[in-house]
Amino acid sequence: MEVKDLATVNAELQEKKETVDSVNFKMVTFSLGGKDYGVDIMSVKEIAKADKFTYVPNAAGFVRGVYNLRGDIIPIIDLRLFFHLPADKKDDGQENMLILHIGDRVYGTIVDKIDKVVGINSEQIQPPHPIFGDINIKFISGVVEKQGALYIILDVVRIFSQSQEEKAAPRGQISEEQEAQFYNAAQNQAAAETEAAVSVDNLGFIKEQLTALAKFYPSPVNEEWITERLVEWGRTHREDVQLKSANDAESYLETFHSPFSGRFWTSEYAYNMKAILPDLASNNIQVWNPGCGKGLETFSLACILKLRYPDGHIKIWANDSDIMAIANAPNMVFDMKDVPDYCQTFLSKGRTGYVFGANIKDSIVFEYHDVTIENTLPELDIVFTRDSLSYLPVKGQEKVIADISEKLKNKGIVFLGQHEKMPDSIWKPIGKGQISAFVRRVDK
């Protein structure tokens with residue numbers, strides 16, 4: 001019998017604890033037929049709820065139809081029916097869905113209830129066993145216990161894929177013919193709904209109503225988004241797509257506005273913004289921020305610029321036609337908990353709270369100004385104007401864009417709202433995700 005000293009035993013226990021405690025696999029957990037399941041989080045695009053699906057003729061029984069996911073038509077599979085499990089209908093009709101991306105395809109899968117994200121060490125995953133008889137073992141990649149719950153981890157790639165040798169899919173598996181049927185139906189549905197929604201008359205009325213009801217001015221800056229939104233709007237307002245009130249216009253524009261518009265940016269968003277900022281030739285950095293509003297985004301921008309260009313001499317020309325907002329912006333006082341981490345290092349304790357220190361305040365010039373008239377600006381390295389262009393009359397938009405084109409240096413960068421774009425072909429988009437950014441094309 002091997003006798004181990006206390007130090008060896010402790011070392012082995014610590015090694016086991018570190019293995020258990022280290023998380024290298026995360027899964028989204030959910031329930032089907034009263035049992036707990038999991039899917040690798042890397043296969044999960046998002047979580048959604050829906051109650052209306054478009055019927056697909058002659059589809060398999062587990063296919064609920066196709067669904068419009070923000071303009072993308074995707075097939076919807078009811079995993080309960082797929083695995084021959086009971087499927088109780090929801091009282092409100094809203095089904096819980098995991099939106100999965102498998103290769104270059106996207107699917108919606110209906111489950112009973114979506115629970116949470118669970119992190120484990122992959123070494124804890126055990127191979128599947130026939131004891132889990134509710135579903136075919138070949139669709140299970142493993143099982144794992146976590147905090148008293150036993151999770152069955154589904155192999156969604158296997159469910160939605162088949163090898164070239166498997167031309168005829170076994171019962172329960174999705175065949176190539178069925179998959180093609182889903183996407184043909186999806187394309188036909190999308191084409192029909194697009195044609196119905198985006199008629200010349202509907203688009204023209206929507207543009208007029210956005211201007212009249214929301215002071216939102218359609219133009220080449222935003223008309224691509226307006227058209228895409230009209231398709232989406234038409235699917236939920238089939239009988240009457242027209243806007244009849246300010247509330248309707250507000251609902252239509254709900255998805256237009258950029259993340260954290262008019263507020264401090266989250267740390268994640270701020271550092272994504274920082275990653276796009278270019279290297280600049282000079283330490284004298286000139287920035288124009290038309291439509292600065294109350295100034296919270298301007299402070300976020302100033303802090304990120306300080307972090308990106310620590311040796312830079314930064315000057316931000318922050319303009320807005322809201323005189324009260326401009327008057328109050330330089331003197332705002334904050335509670336530390338309301339300010340994101342990346343800004344906190346630039347705060348100083350004042351008599352009634354925290355204020356930005358001179359290194360931030362002195363870099364910003366808040367000015368009451370109508371940018372559609374005349375803009376006296378130096379040569380610019382950066383222009384930051386998220387969403388505000390679309391709320392200027394078209395002539396005003398053209399004036400601001402002309403000023404940007406004239407004043408921005410060759411290696412400068414323009415930040416617009418996430419659904420706005422520079423209309424001229426001389427501009428090249430370089431933004432990522434929810435950040436819309438443009439630089440001048442070098443070949444123009």
# chains A, B, ... in the order shown; residues from 1 in each chain; ligands from 1
call {"tool": "residues_around", "arguments": {"residues": "range 122-128 of chain A", "least_positions_apart": "3", "cutoff": "10 Å", "atoms": "only C-alpha atoms", "output": "list of chain:residue names"}}
result
A:Thr19, A:Val20, A:Ser22, A:Val23, A:Asn24, A:Phe25, A:Lys26, A:Gly119, A:Ile131, A:Phe132, A:Ile137, A:Lys138, A:Phe139, A:Ile140, A:Ser141, A:Gly142, A:Val143, A:Val144, A:Glu145, A:Lys146, A:Tyr151, A:Ile152, A:Ile153, A:Leu154
call {"tool": "residues_around", "arguments": {"residues": "Leu305 in chain A", "least_positions_apart": "2", "cutoff": "12 Å", "atoms": "only C-alpha atoms", "output": "ChimeraX atom specification"}}
result
/A:270-271,273-280,283-287,298-303,307-316,342-343,359-360,363-364,381-382,384
call {"tool": "atom_distance", "arguments": {"atom1": "CA of Ala358 in chain A", "atom2": "CA of Asp403 in chain A"}}
result
29.5 Å
call {"tool": "select_by_dssp", "arguments": {"residues": "range 42-96 of chain A", "states": "helix (DSSP H, G or I)", "output": "ChimeraX atom specification"}}
result
/A:42-43,79-82
call {"tool": "write_last_selection", "arguments": {"atoms": "C-alpha atoms", "output": "CSV table (one decimal), in the first residue's frame"}}
result
chain,number,residue,atom,x,y,z
A,42,MET,CA,-20.3,29.3,-29.0
A,43,SER,CA,-23.2,27.9,-31.0
A,79,LEU,CA,-36.9,20.6,-30.4
A,80,ARG,CA,-39.7,19.1,-28.3
A,81,LEU,CA,-41.3,17.7,-31.4
A,82,PHE,CA,-38.0,16.8,-32.9
call {"tool": "select_by_dssp", "arguments": {"residues": "range 242-401 of chain A", "states": "strand (DSSP E)", "output": "PyMOL selection string"}}
result
chain A and resi 284-290+313-320+347-349+354-356+364-368+380-385
call {"tool": "closest_residue", "arguments": {"among": "A:Ile326, A:Val241, A:Val221, A:Leu230", "to": "Asp387 in chain A", "atoms": "only C-alpha atoms"}}
result
A:Val221
call {"tool": "closest_residue", "arguments": {"among": "A:Phe346, A:Trp427, A:Phe356, A:Tyr368", "to": "Ala327 in chain A", "atoms": "only C-alpha atoms"}}
result
A:Tyr368
